[in-house]
>>> print(open('upload_13.csv').read())   # CSV, C-alpha atoms
chain,number,residue,atom,x,y,z
O,1,MET,CA,180.2,31.8,152.7
O,2,ASN,CA,180.3,35.3,151.0
O,3,ARG,CA,178.3,36.6,153.9
O,4,LEU,CA,180.8,35.2,156.4
O,5,CYS,CA,183.7,36.8,154.5
O,6,GLN,CA,181.9,40.1,154.4
O,7,THR,CA,181.2,39.9,158.1
O,8,PHE,CA,184.8,39.1,158.8
O,9,ALA,CA,186.0,42.1,156.7
O,10,MET,CA,183.5,44.4,158.5
O,11,ALA,CA,184.7,43.2,161.8
O,12,ILE,CA,188.3,44.0,160.9
O,13,ALA,CA,187.4,47.4,159.6
O,14,LEU,CA,185.4,48.2,162.7
O,15,VAL,CA,188.2,47.2,165.0
O,16,GLY,CA,190.4,49.7,163.2
O,17,ALA,CA,187.8,52.4,163.2
O,18,PRO,CA,187.7,55.2,165.8
O,19,ALA,CA,185.2,55.2,168.6
O,20,SER,CA,183.2,57.8,166.6
O,21,ALA,CA,181.9,55.0,164.3
O,22,GLN,CA,178.4,55.9,165.6
O,23,GLN,CA,178.4,58.9,163.4
O,24,THR,CA,176.5,62.2,163.6
O,25,PRO,CA,174.6,63.2,160.4
O,26,ALA,CA,177.3,65.6,159.5
O,27,ALA,CA,180.0,63.0,159.9
O,28,ARG,CA,178.1,60.5,157.9
O,29,ALA,CA,177.6,63.0,155.1
O,30,GLY,CA,181.4,63.7,155.1
O,31,GLN,CA,182.2,60.0,154.9
O,32,LEU,CA,179.7,59.5,152.0
O,33,ASP,CA,181.3,62.4,150.2
O,34,LEU,CA,184.6,60.5,150.5
O,35,VAL,CA,183.0,57.4,149.1
O,36,ALA,CA,181.6,59.3,146.1
O,37,GLU,CA,185.1,60.9,145.5
O,38,ALA,CA,186.8,57.5,145.6
O,39,GLN,CA,184.1,56.0,143.3
O,40,ALA,CA,184.6,58.9,140.8
O,41,GLU,CA,188.3,58.0,140.7
O,42,ASN,CA,187.5,54.3,140.2
O,43,ASP,CA,189.2,53.6,143.5
O,44,PHE,CA,186.7,51.0,144.6
O,45,GLU,CA,188.9,49.5,147.3
O,46,ARG,CA,189.2,52.8,149.1
O,47,ALA,CA,185.4,53.3,148.8
O,48,ARG,CA,184.8,49.9,150.2
O,49,GLN,CA,187.1,50.4,153.2
O,50,ILE,CA,185.2,53.6,154.1
O,51,LEU,CA,181.8,51.9,153.7
O,52,LEU,CA,182.5,48.6,155.6
O,53,PRO,CA,182.9,50.2,159.1
O,54,MET,CA,179.8,52.3,158.5
O,55,ILE,CA,177.8,49.2,157.6
O,56,ALA,CA,179.3,47.3,160.6
O,57,ALA,CA,178.0,50.1,162.8
O,58,SER,CA,174.6,50.2,161.1
O,59,PRO,CA,174.1,46.7,159.4
O,60,GLN,CA,170.4,47.4,158.8
O,61,ASP,CA,170.9,50.6,156.8
O,62,PRO,CA,169.6,49.9,153.3
O,63,ASP,CA,171.2,53.0,151.8
O,64,LEU,CA,174.7,52.0,152.9
O,65,LEU,CA,174.1,48.5,151.5
O,66,ARG,CA,172.9,50.1,148.2
O,67,ARG,CA,176.1,52.1,148.0
O,68,LEU,CA,178.2,49.1,148.7
O,69,ALA,CA,176.4,47.1,146.0
O,70,VAL,CA,177.2,49.9,143.5
O,71,ILE,CA,180.9,49.9,144.5
O,72,GLU,CA,181.1,46.1,144.1
O,73,ALA,CA,179.5,46.4,140.7
O,74,GLY,CA,182.0,49.0,139.7
O,75,ALA,CA,184.8,46.7,140.8
O,76,GLY,CA,183.4,43.9,138.6
O,77,ARG,CA,182.1,41.8,141.5
O,78,LEU,CA,178.6,41.5,140.1
O,79,ASP,CA,177.5,38.4,141.9
O,80,LEU,CA,178.5,40.1,145.2
O,81,ALA,CA,176.8,43.3,144.1
O,82,LEU,CA,173.5,41.5,143.5
O,83,GLU,CA,173.7,39.9,147.0
O,84,ARG,CA,174.2,43.3,148.6
O,85,ILE,CA,171.4,45.0,146.6
O,86,ASP,CA,169.0,42.2,147.4
O,87,GLU,CA,169.8,42.7,151.1
O,88,ALA,CA,169.0,46.3,150.7
O,89,ALA,CA,165.8,45.6,148.8
O,90,GLN,CA,164.6,43.3,151.6
O,91,LEU,CA,165.1,46.1,154.1
O,92,ALA,CA,163.5,48.8,152.0
O,93,PRO,CA,161.3,47.2,149.3
O,94,LYS,CA,159.7,50.5,148.3
O,95,ASP,CA,162.9,52.4,147.8
O,96,LEU,CA,163.2,53.4,144.2
O,97,ASP,CA,166.9,54.2,144.4
O,98,ILE,CA,167.5,50.7,145.5
O,99,ALA,CA,165.2,49.3,142.8
O,100,LEU,CA,167.0,51.3,140.1
O,101,ALA,CA,170.5,50.2,141.3
O,102,ARG,CA,169.2,46.6,141.3
O,103,GLY,CA,168.0,47.1,137.7
O,104,PHE,CA,171.4,48.3,136.6
O,105,ILE,CA,173.3,45.5,138.4
O,106,LEU,CA,171.0,42.9,136.7
O,107,TYR,CA,171.7,44.5,133.3
O,108,TRP,CA,175.5,44.5,133.9
O,109,ARG,CA,175.3,40.8,134.8
O,110,GLY,CA,173.5,40.1,131.6
O,111,ASP,CA,170.2,39.3,133.2
O,112,VAL,CA,168.4,41.4,130.7
O,113,ALA,CA,164.9,40.0,131.3
O,114,GLU,CA,165.1,40.6,135.0
O,115,ALA,CA,166.4,44.1,134.5
O,116,GLN,CA,163.6,44.8,132.1
O,117,ARG,CA,161.1,43.7,134.8
O,118,ALA,CA,162.8,45.9,137.3
O,119,ALA,CA,162.6,48.9,134.9
O,120,ILE,CA,158.9,48.3,134.2
O,121,ALA,CA,158.1,48.1,138.0
O,122,ILE,CA,159.9,51.5,138.5
O,123,THR,CA,158.1,53.1,135.6
O,124,ALA,CA,154.7,52.0,137.0
O,125,ARG,CA,155.5,53.9,140.2
O,126,ASP,CA,157.4,56.9,138.9
O,127,PRO,CA,158.0,57.1,135.1
O,128,ASP,CA,160.1,60.2,135.5
O,129,PHE,CA,162.4,58.8,138.2
O,130,PRO,CA,166.0,60.2,137.8
O,131,GLU,CA,168.3,58.0,135.7
O,132,LEU,CA,165.5,55.5,134.8
O,133,ASP,CA,165.7,56.7,131.2
O,134,GLN,CA,169.4,55.6,131.2
O,135,LEU,CA,168.5,52.1,132.2
O,136,GLU,CA,165.7,52.0,129.7
O,137,ALA,CA,168.0,53.2,126.9
O,138,ALA,CA,170.6,50.6,127.8
O,139,LEU,CA,168.0,47.9,127.7
O,140,ALA,CA,166.7,49.1,124.4
O,141,ARG,CA,170.2,49.0,122.9
O,142,GLN,CA,170.7,45.5,124.3
O,143,ASN,CA,167.4,44.2,122.7
O,144,ARG,CA,168.3,45.8,119.3
O,145,PRO,CA,170.2,43.4,117.0
O,146,ASP,CA,173.5,44.9,116.0
O,147,GLY,CA,174.8,42.1,113.8
O,148,ILE,CA,178.2,40.4,114.2
O,149,ARG,CA,180.7,42.2,116.4
O,150,THR,CA,184.3,41.3,117.1
O,151,ARG,CA,184.6,40.7,120.8
O,152,SER,CA,188.3,39.9,121.2
O,153,ILE,CA,191.5,38.6,119.6
O,154,PHE,CA,194.3,36.6,121.2
O,155,LEU,CA,197.8,35.4,120.6
O,156,VAL,CA,199.4,32.5,122.5
O,157,ALA,CA,203.0,31.2,122.5
O,158,GLY,CA,204.3,28.2,124.5
O,159,PHE,CA,207.6,26.5,124.9
O,160,SER,CA,208.3,23.1,126.5
O,161,ASP,CA,211.4,21.3,127.6
O,162,ILE,CA,210.8,17.5,127.1
O,163,THR,CA,212.5,14.4,128.4
O,164,THR,CA,211.2,11.2,126.9
O,165,ALA,CA,210.9,7.9,128.8
O,166,ASN,CA,214.1,6.6,127.1
O,167,GLY,CA,216.0,9.8,128.2
O,168,PHE,CA,216.0,11.7,125.0
O,169,SER,CA,215.6,15.5,125.4
O,170,GLN,CA,214.0,17.9,122.9
O,171,THR,CA,212.2,21.2,122.8
O,172,TRP,CA,208.6,21.6,121.7
O,173,ASN,CA,206.9,24.9,120.9
O,174,SER,CA,203.4,26.0,120.0
O,175,GLN,CA,201.7,29.1,118.7
O,176,ALA,CA,198.0,30.0,118.6
O,177,ILE,CA,195.9,32.8,117.2
O,178,GLY,CA,192.2,33.3,117.6
O,179,ALA,CA,189.2,35.7,117.7
O,180,ALA,CA,185.8,35.8,119.4
O,181,PHE,CA,182.8,37.3,117.7
O,182,ASP,CA,179.4,38.2,119.3
O,183,LEU,CA,176.8,36.8,116.9
O,184,SER,CA,174.0,38.2,119.0
O,185,ARG,CA,173.4,39.3,122.5
O,186,ASP,CA,173.5,35.7,123.8
O,187,ASN,CA,175.8,33.9,121.3
O,188,THR,CA,179.5,34.1,120.9
O,189,LEU,CA,181.6,32.3,118.2
O,190,THR,CA,185.3,31.6,118.9
O,191,LEU,CA,187.7,30.5,116.1
O,192,ASP,CA,191.3,29.6,116.6
O,193,VAL,CA,194.3,28.0,114.9
O,194,ILE,CA,197.0,26.2,117.0
O,195,ARG,CA,200.3,25.1,115.5
O,196,GLU,CA,202.4,22.7,117.7
O,197,GLU,CA,205.8,21.6,116.7
O,198,ARG,CA,207.4,18.4,118.2
O,199,SER,CA,209.3,16.0,116.0
O,200,ALA,CA,206.6,16.8,113.5
O,201,ILE,CA,204.1,19.7,113.2
O,202,ASP,CA,200.4,19.4,113.8
O,203,THR,CA,198.0,22.3,113.1
O,204,ARG,CA,194.6,22.2,114.8
O,205,LEU,CA,191.6,24.2,113.6
O,206,GLY,CA,189.0,24.9,116.3
O,207,ALA,CA,185.5,26.5,116.5
O,208,ARG,CA,183.3,27.0,119.5
O,209,VAL,CA,179.8,28.6,120.0
O,210,ASP,CA,178.7,29.7,123.5
O,211,HIS,CA,175.1,30.5,124.3
O,212,ARG,CA,174.4,32.5,127.5
O,213,LEU,CA,171.5,31.5,129.7
O,214,ALA,CA,169.9,33.0,132.8
O,215,GLY,CA,172.3,31.7,135.5
O,216,GLY,CA,174.7,29.9,133.2
O,217,SER,CA,175.8,29.0,129.6
O,218,VAL,CA,176.1,26.1,127.2
O,219,TYR,CA,178.5,25.5,124.3
O,220,VAL,CA,179.3,23.3,121.4
O,221,SER,CA,182.8,22.9,119.8
O,222,ALA,CA,184.7,21.1,117.1
O,223,THR,CA,188.3,20.6,116.0
O,224,ALA,CA,190.1,19.2,113.0
O,225,VAL,CA,193.7,18.4,112.4
O,226,PRO,CA,194.7,17.8,108.8
O,227,ALA,CA,197.1,14.8,108.5
O,228,PRO,CA,197.8,14.6,112.3
O,229,ASP,CA,201.0,13.1,113.6
O,230,PHE,CA,200.3,13.1,117.4
O,231,GLN,CA,197.0,15.0,117.8
O,232,GLU,CA,193.4,13.9,117.1
O,233,LYS,CA,192.0,13.7,113.6
O,234,TRP,CA,188.9,15.5,114.8
O,235,SER,CA,186.8,16.1,117.9
O,236,VAL,CA,183.4,17.4,118.9
O,237,GLY,CA,182.4,18.7,122.3
O,238,ALA,CA,179.5,20.1,124.3
O,239,GLY,CA,179.0,21.3,127.8
O,240,GLY,CA,178.1,24.2,130.0
O,241,GLU,CA,177.7,25.6,133.5
O,242,LEU,CA,174.6,26.4,135.6
O,243,LYS,CA,174.4,28.3,138.9
O,244,ALA,CA,173.1,25.9,141.5
O,245,SER,CA,173.2,28.4,144.4
O,246,GLN,CA,174.7,31.8,145.2
O,247,SER,CA,178.2,30.2,145.6
O,248,VAL,CA,178.0,26.9,143.7
O,249,VAL,CA,178.2,26.4,139.9
O,250,ALA,CA,177.7,23.0,138.3
O,251,LEU,CA,179.9,22.2,135.3
O,252,ILE,CA,179.8,19.5,132.6
O,253,ASP,CA,182.0,18.9,129.6
O,254,LEU,CA,181.6,16.1,127.0
O,255,ARG,CA,184.1,15.4,124.2
O,256,LEU,CA,184.5,12.7,121.5
O,257,ALA,CA,187.8,12.6,119.7
O,258,ASP,CA,189.2,10.3,117.0
O,259,TYR,CA,192.9,9.4,117.0
O,260,GLN,CA,194.9,7.1,114.8
O,261,THR,CA,194.6,4.5,117.5
O,262,GLY,CA,190.8,4.8,117.9
O,263,THR,CA,188.0,6.9,119.3
O,264,ILE,CA,188.1,8.4,122.8
O,265,ALA,CA,185.1,9.7,124.8
O,266,ALA,CA,185.6,12.0,127.8
O,267,VAL,CA,183.1,13.1,130.4
O,268,GLN,CA,184.0,15.8,132.9
O,269,PRO,CA,181.4,16.8,135.5
O,270,GLY,CA,182.5,19.3,138.1
O,271,LEU,CA,181.7,22.0,140.6
O,272,ARG,CA,183.0,25.5,141.1
O,273,VAL,CA,182.6,26.9,144.7
O,274,ALA,CA,183.1,30.5,145.7
O,275,LEU,CA,185.0,30.2,149.0
O,276,CYS,CA,185.0,33.9,149.6
O,277,GLU,CA,184.8,37.2,147.8
O,278,ASP,CA,187.9,36.7,145.7
O,279,PHE,CA,188.6,32.9,146.1
O,280,ALA,CA,187.0,30.1,144.1
O,281,VAL,CA,187.9,26.4,143.9
O,282,THR,CA,186.9,24.1,141.0
O,283,GLY,CA,186.9,20.3,141.1
O,284,ARG,CA,186.4,18.0,138.1
O,285,ALA,CA,186.2,14.3,137.6
O,286,ILE,CA,187.8,13.2,134.3
O,287,ASN,CA,186.3,10.1,132.9
O,288,ILE,CA,187.8,8.5,129.8
O,289,PHE,CA,186.2,5.8,127.8
O,290,ASP,CA,188.6,4.1,125.4
O,291,GLY,CA,187.4,1.4,123.1
O,292,ALA,CA,190.7,-0.4,123.3
O,293,GLU,CA,191.5,-0.1,127.0
O,294,GLY,CA,188.1,0.5,128.7
O,295,TYR,CA,187.4,3.0,131.3
O,296,ARG,CA,189.8,5.3,133.2
O,297,LEU,CA,189.2,7.9,135.9
O,298,GLY,CA,191.1,11.0,136.9
O,299,GLY,CA,190.5,14.4,138.3
O,300,SER,CA,191.7,18.0,138.7
O,301,VAL,CA,191.5,20.8,141.3
O,302,ARG,CA,191.9,24.5,140.5
O,303,LEU,CA,192.1,27.4,142.9
O,304,ASP,CA,191.5,31.0,141.6
O,305,TYR,CA,192.1,34.3,143.3
O,306,GLY,CA,190.9,37.5,141.7
O,307,ARG,CA,188.1,38.6,139.4
O,308,GLU,CA,187.7,39.0,135.6
O,309,ARG,CA,189.7,42.0,134.2
O,310,GLU,CA,191.6,42.3,137.4
O,311,THR,CA,195.0,40.9,138.5
O,312,ALA,CA,194.3,37.2,139.2
O,313,LEU,CA,196.2,34.0,140.1
O,314,PHE,CA,195.4,30.4,139.6
O,315,LEU,CA,196.9,27.0,140.7
O,316,ILE,CA,196.0,23.6,139.1
O,317,ALA,CA,196.8,20.1,140.2
O,318,ALA,CA,195.6,17.2,138.1
O,319,SER,CA,196.0,13.5,137.5
O,320,TYR,CA,194.0,12.1,134.6
O,321,PRO,CA,194.1,9.7,131.6
O,322,ASP,CA,195.5,11.7,128.7
O,323,ALA,CA,194.8,10.7,125.0
O,324,GLU,CA,197.3,11.2,122.2
O,325,ALA,CA,198.2,9.3,119.1
O,326,ASP,CA,200.2,6.7,121.1
O,327,GLY,CA,197.1,5.8,123.2
O,328,VAL,CA,195.7,6.8,126.6
O,329,ARG,CA,198.3,7.2,129.4
O,330,GLN,CA,198.0,8.6,132.9
O,331,LEU,CA,199.3,12.2,133.2
O,332,ARG,CA,200.1,14.1,136.4
O,333,SER,CA,200.5,17.8,136.3
O,334,LEU,CA,201.0,21.0,138.4
O,335,ALA,CA,200.4,24.5,136.9
O,336,ALA,CA,200.4,28.1,138.1
O,337,GLY,CA,199.6,31.3,136.3
O,338,LEU,CA,199.0,35.0,136.6
O,339,ARG,CA,196.6,37.2,134.7
O,340,LEU,CA,197.4,40.9,134.5
O,341,PRO,CA,195.5,43.8,132.9
O,342,VAL,CA,198.3,45.7,131.2
O,343,ALA,CA,196.0,48.3,129.7
O,344,GLU,CA,192.3,49.1,129.6
O,345,ARG,CA,191.5,46.6,126.9
O,346,ILE,CA,194.6,44.4,126.9
O,347,GLY,CA,195.2,41.4,129.2
O,348,LEU,CA,198.4,39.4,129.7
O,349,THR,CA,198.5,35.8,131.0
O,350,VAL,CA,201.7,33.9,131.9
O,351,ALA,CA,201.7,30.3,133.2
O,352,GLY,CA,204.1,27.6,134.0
O,353,SER,CA,203.5,23.9,134.3
O,354,HIS,CA,205.1,20.5,135.0
O,355,GLU,CA,203.7,17.3,133.5
O,356,ASP,CA,204.7,13.6,133.9
O,357,ARG,CA,203.0,11.3,131.4
O,358,ASP,CA,203.5,7.6,132.2
O,359,ASN,CA,206.0,5.8,129.9
O,360,SER,CA,205.9,8.8,127.6
O,361,TYR,CA,207.6,12.0,128.7
O,362,ARG,CA,208.2,14.7,131.3
O,363,ARG,CA,207.5,18.3,130.4
O,364,TYR,CA,208.4,21.7,131.8
O,365,ALA,CA,206.4,24.3,130.0
O,366,GLY,CA,205.8,28.1,129.9
O,367,THR,CA,203.0,29.9,128.1
O,368,VAL,CA,202.3,33.6,127.4
O,369,ALA,CA,198.9,34.8,126.1
O,370,LEU,CA,197.9,38.3,125.1
O,371,THR,CA,194.3,39.3,124.6
O,372,TYR,CA,192.7,42.5,123.2
O,373,ARG,CA,189.0,43.2,123.9
O,374,PHE,CA,187.2,45.4,121.5
O,375,PRO,CA,185.0,48.2,122.9
O,376,ALA,CA,181.3,47.4,123.0
O,377,LYS,CA,179.2,49.2,120.5
>>> encode(input="upload_13.csv", output="C-alpha cells")
Amino acid sequence: MNRLCQTFAMAIALVGAPASAQQTPAARAGQLDLVAEAQAENDFERARQILLPMIAASPQDPDLLRRLAVIEAGAGRLDLALERIDEAAQLAPKDLDIALARGFILYWRGDVAEAQRAAIAITARDPDFPELDQLEAALARQNRPDGIRTRSIFLVAGFSDITTANGFSQTWNSQAIGAAFDLSRDNTLTLDVIREERSAIDTRLGARVDHRLAGGSVYVSATAVPAPDFQEKWSVGAGGELKASQSVVALIDLRLADYQTGTIAAVQPGLRVALCEDFAVTGRAINIFDGAEGYRLGGSVRLDYGRERETALFLIAASYPDAEADGVRQLRSLAAGLRLPVAERIGLTVAGSHEDRDNSYRRYAGTVALTYRFPAK
C-alpha cells in the first residue's frame, strides 16, 4: 500500500512538472542542488516534491531513491525510508553510498545489530569510505552502557461533565504526572501518578517497563490504588507489538485487575495497518472475563494521521465492557485528538471525548497533555 501511495504521489507530481522532466545533466544537477538546500533547511517536504517528479521520470535511478530515503529519514518516516533504500540497494547492490545510507537508517530505526552488519560489510570493501567513521562512532556509543537516563516527563489534566443514569450532574477532574527513564539501550521504565476526583478521590500509582525487540517491543506493567473508591485495588498487565509485514503490526495486551466486586481479566488482540504514508488504522477486540458475569466482547477502531514528533490527528470509536467498582458495564465512546510539536523538545496533545456507560453515566471530557523530551546523551 505504501508503494501505491508513493506511485500516486509521483504521478501527481509528474502531471504538474514541465515537459523538461527528462532532464539534461546540468538540469539534474541544478535540481539536486535545490534538494540539498531544502534538506539543509530541514524543509523535507520541499525536498520531497522536487525529487518525486525526477523519480517518476527515472524510476530505476538508485541514486534518486537513495536521496529520497535520506529525506524520508530526516522527516522521521523511518519505515518508509527503509523501503526506499532497500529498493535502491536492489538496483545497485555494490553502491557504497547506498549501503552507508542504509546503515544509518537502520541505526536511526533502532536496528543496531543490522546497522552493525552493514558497517562491517562496508569496512570490508573500503575501510576509509567517507562518513563510515561517523556510523561506526554512533554504533560504538549505542553499544556502550550509559546508565539510567531521563527520557521524558509529562503532565496531564482532564475535566469531565457527567450526567448519571438518575439525572444527577457533576464535574470530575483528573491530574497526572509521570516520567520515562531509559534503563539501557533496549529498556525503558515509565512511572506515573494519576489523581482522579469524582464524589471521592482515588490516586493510582503506575509502573511500566518496555523492552525493544527487532521489529517490535514487549512490556509489563502494574498499578496500585490505596483505599480505592471507584478504581481497581491493583492490576498487572503485559503485551507488545510485532511487525508482521511492511505495513501490518500485530498487537496484544493482557490485563488482570482486582476490584471491590471481584477480579477482571482483559485480553485485547489487535492489528495496526499502515494505509498510506501518513495514515494508519488500528483495530482491537476487547475481551473481558468477569468471574461474576462471565464473558463479554467489545472492540475499538482508531485512525491516525501524521508521524511521531510531527503534527498528528487521531479518531477513536469504541464499544466495550468497562470495569469499575460497580461492576462491568458496556461503554460506547467517541474521541478525537490533536498532537502538536510546540517546540523542539516539547509536545502538546489535546483531546475530547464522549462516553455513554450503560445504567451508569454519560460523560463529555477534555484532556490536555504536555510532554518534554530530554536530549539524548
>>> atom_distance(input="upload_13.csv", atom1="CA of Thr150 in chain O", atom2="CA of Ala73 in chain O")
24.6 Å
>>> closest_atom_pairs(input="upload_13.csv", of="range 156-247 of chain O", to="range 346-349 of chain O", cutoff="12 Å", atoms="all atoms listed in the file", output="CSV")
residue,atom,partner,partner_atom,distance
O:Val156,CA,O:Thr349,CA,9.2
O:Ala157,CA,O:Thr349,CA,10.7
O:Gly158,CA,O:Thr349,CA,11.6
>>> write_last_selection(input="upload_13.csv", atoms="C-alpha atoms", output="compact mmCIF listing (two decimals), in the coordinates of the input")
# COMPACT_ATOMS: atom_id res chain seq x y z
CA VAL O 156 199.40 32.50 122.50
CA ALA O 157 203.00 31.20 122.50
CA GLY O 158 204.30 28.20 124.50
>>> closest_atom_pairs(input="upload_13.csv", of="range 102-148 of chain O", to="range 204-219 of chain O", cutoff="12 Å", atoms="all atoms listed in the file", output="JSON lines")
{"residue": "O:Leu106", "atom": "CA", "partner": "O:Ala214", "partner_atom": "CA", "distance": 10.7}
{"residue": "O:Tyr107", "atom": "CA", "partner": "O:Ala214", "partner_atom": "CA", "distance": 11.7}
{"residue": "O:Arg109", "atom": "CA", "partner": "O:Gly215", "partner_atom": "CA", "distance": 9.6}
{"residue": "O:Gly110", "atom": "CA", "partner": "O:Ala214", "partner_atom": "CA", "distance": 8.1}
{"residue": "O:Asp111", "atom": "CA", "partner": "O:Ala214", "partner_atom": "CA", "distance": 6.3}
{"residue": "O:Val112", "atom": "CA", "partner": "O:Ala214", "partner_atom": "CA", "distance": 8.8}
{"residue": "O:Ala113", "atom": "CA", "partner": "O:Ala214", "partner_atom": "CA", "distance": 8.7}
{"residue": "O:Glu114", "atom": "CA", "partner": "O:Ala214", "partner_atom": "CA", "distance": 9.3}
{"residue": "O:Ala115", "atom": "CA", "partner": "O:Ala214", "partner_atom": "CA", "distance": 11.8}
>>> residues_near_point(input="upload_13.csv", point="(194.1, 6.4, 124.3)", cutoff="10 Å", atoms="only C-alpha atoms", output="list in words")
Ala257, Asp258, Tyr259, Gln260, Thr261, Gly262, Thr263, Ile264, Ala265, Ile288, Phe289, Asp290, Gly291, Ala292, Glu293, Gly294, Arg296, Pro321, Asp322, Ala323, Glu324, Ala325, Asp326, Gly327, Val328, Arg329 and Gln330 of chain O
>>> closest_residue(input="upload_13.csv", among="O:Val220, O:Leu82, O:Ala92, O:Leu303", to="Gln246 in chain O", atoms="all atoms listed in the file")
O:Leu82
>>> build_atoms(input="upload_13.csv", residues="range 278-285 of chain O", atoms="all heavy atoms", output="PDB file, keeping the file's coordinate frame")
ATOM      1  N   ASP O 278     186.952  36.732 146.787  1.00  0.00           N
ATOM      2  CA  ASP O 278     187.900  36.700 145.700  1.00  0.00           C
ATOM      3  C   ASP O 278     188.490  35.280 145.452  1.00  0.00           C
ATOM      4  O   ASP O 278     189.353  35.123 144.592  1.00  0.00           O
ATOM      5  CB  ASP O 278     189.101  37.624 146.008  1.00  0.00           C
ATOM      6  CG  ASP O 278     188.687  39.082 145.905  1.00  0.00           C
ATOM      7  OD1 ASP O 278     188.080  39.446 144.893  1.00  0.00           O
ATOM      8  OD2 ASP O 278     188.950  39.846 146.843  1.00  0.00           O
ATOM      9  N   PHE O 279     188.052  34.274 146.210  1.00  0.00           N
ATOM     10  CA  PHE O 279     188.600  32.900 146.100  1.00  0.00           C
ATOM     11  C   PHE O 279     187.513  31.976 145.549  1.00  0.00           C
ATOM     12  O   PHE O 279     186.364  32.029 145.982  1.00  0.00           O
ATOM     13  CB  PHE O 279     189.114  32.395 147.399  1.00  0.00           C
ATOM     14  CG  PHE O 279     190.412  33.000 147.826  1.00  0.00           C
ATOM     15  CD1 PHE O 279     190.421  34.104 148.666  1.00  0.00           C
ATOM     16  CD2 PHE O 279     191.623  32.487 147.399  1.00  0.00           C
ATOM     17  CE1 PHE O 279     191.617  34.674 149.074  1.00  0.00           C
ATOM     18  CE2 PHE O 279     192.819  33.045 147.797  1.00  0.00           C
ATOM     19  CZ  PHE O 279     192.819  34.150 148.641  1.00  0.00           C
ATOM     20  N   ALA O 280     187.914  31.101 144.625  1.00  0.00           N
ATOM     21  CA  ALA O 280     187.000  30.100 144.100  1.00  0.00           C
ATOM     22  C   ALA O 280     187.833  28.791 143.916  1.00  0.00           C
ATOM     23  O   ALA O 280     189.002  28.853 143.522  1.00  0.00           O
ATOM     24  CB  ALA O 280     186.308  30.472 142.869  1.00  0.00           C
ATOM     25  N   VAL O 281     187.219  27.636 144.168  1.00  0.00           N
ATOM     26  CA  VAL O 281     187.900  26.400 143.900  1.00  0.00           C
ATOM     27  C   VAL O 281     186.990  25.559 142.949  1.00  0.00           C
ATOM     28  O   VAL O 281     185.762  25.563 143.076  1.00  0.00           O
ATOM     29  CB  VAL O 281     188.132  25.579 145.206  1.00  0.00           C
ATOM     30  CG1 VAL O 281     186.841  25.228 145.923  1.00  0.00           C
ATOM     31  CG2 VAL O 281     188.951  24.317 144.942  1.00  0.00           C
ATOM     32  N   THR O 282     187.626  24.920 141.976  1.00  0.00           N
ATOM     33  CA  THR O 282     186.900  24.100 141.000  1.00  0.00           C
ATOM     34  C   THR O 282     187.447  22.697 141.011  1.00  0.00           C
ATOM     35  O   THR O 282     188.665  22.485 140.931  1.00  0.00           O
ATOM     36  CB  THR O 282     187.095  24.700 139.577  1.00  0.00           C
ATOM     37  OG1 THR O 282     186.638  26.050 139.557  1.00  0.00           O
ATOM     38  CG2 THR O 282     186.302  23.886 138.553  1.00  0.00           C
ATOM     39  N   GLY O 283     186.563  21.734 141.134  1.00  0.00           N
ATOM     40  CA  GLY O 283     186.900  20.300 141.100  1.00  0.00           C
ATOM     41  C   GLY O 283     186.246  19.622 139.944  1.00  0.00           C
ATOM     42  O   GLY O 283     185.056  19.871 139.687  1.00  0.00           O
ATOM     43  N   ARG O 284     186.987  18.773 139.241  1.00  0.00           N
ATOM     44  CA  ARG O 284     186.400  18.000 138.100  1.00  0.00           C
ATOM     45  C   ARG O 284     186.796  16.558 138.217  1.00  0.00           C
ATOM     46  O   ARG O 284     187.933  16.236 138.584  1.00  0.00           O
ATOM     47  CB  ARG O 284     186.902  18.567 136.775  1.00  0.00           C
ATOM     48  CG  ARG O 284     186.362  19.923 136.381  1.00  0.00           C
ATOM     49  CD  ARG O 284     186.863  20.297 135.001  1.00  0.00           C
ATOM     50  NE  ARG O 284     186.428  21.614 134.563  1.00  0.00           N
ATOM     51  CZ  ARG O 284     185.294  21.866 133.916  1.00  0.00           C
ATOM     52  NH1 ARG O 284     184.485  20.851 133.621  1.00  0.00           N
ATOM     53  NH2 ARG O 284     184.970  23.087 133.554  1.00  0.00           N
ATOM     54  N   ALA O 285     185.867  15.685 137.871  1.00  0.00           N
ATOM     55  CA  ALA O 285     186.200  14.300 137.600  1.00  0.00           C
ATOM     56  C   ALA O 285     186.369  14.095 136.142  1.00  0.00           C
ATOM     57  O   ALA O 285     185.571  14.589 135.335  1.00  0.00           O
ATOM     58  CB  ALA O 285     185.030  13.396 138.134  1.00  0.00           C
TER      59      ALA O 285
END
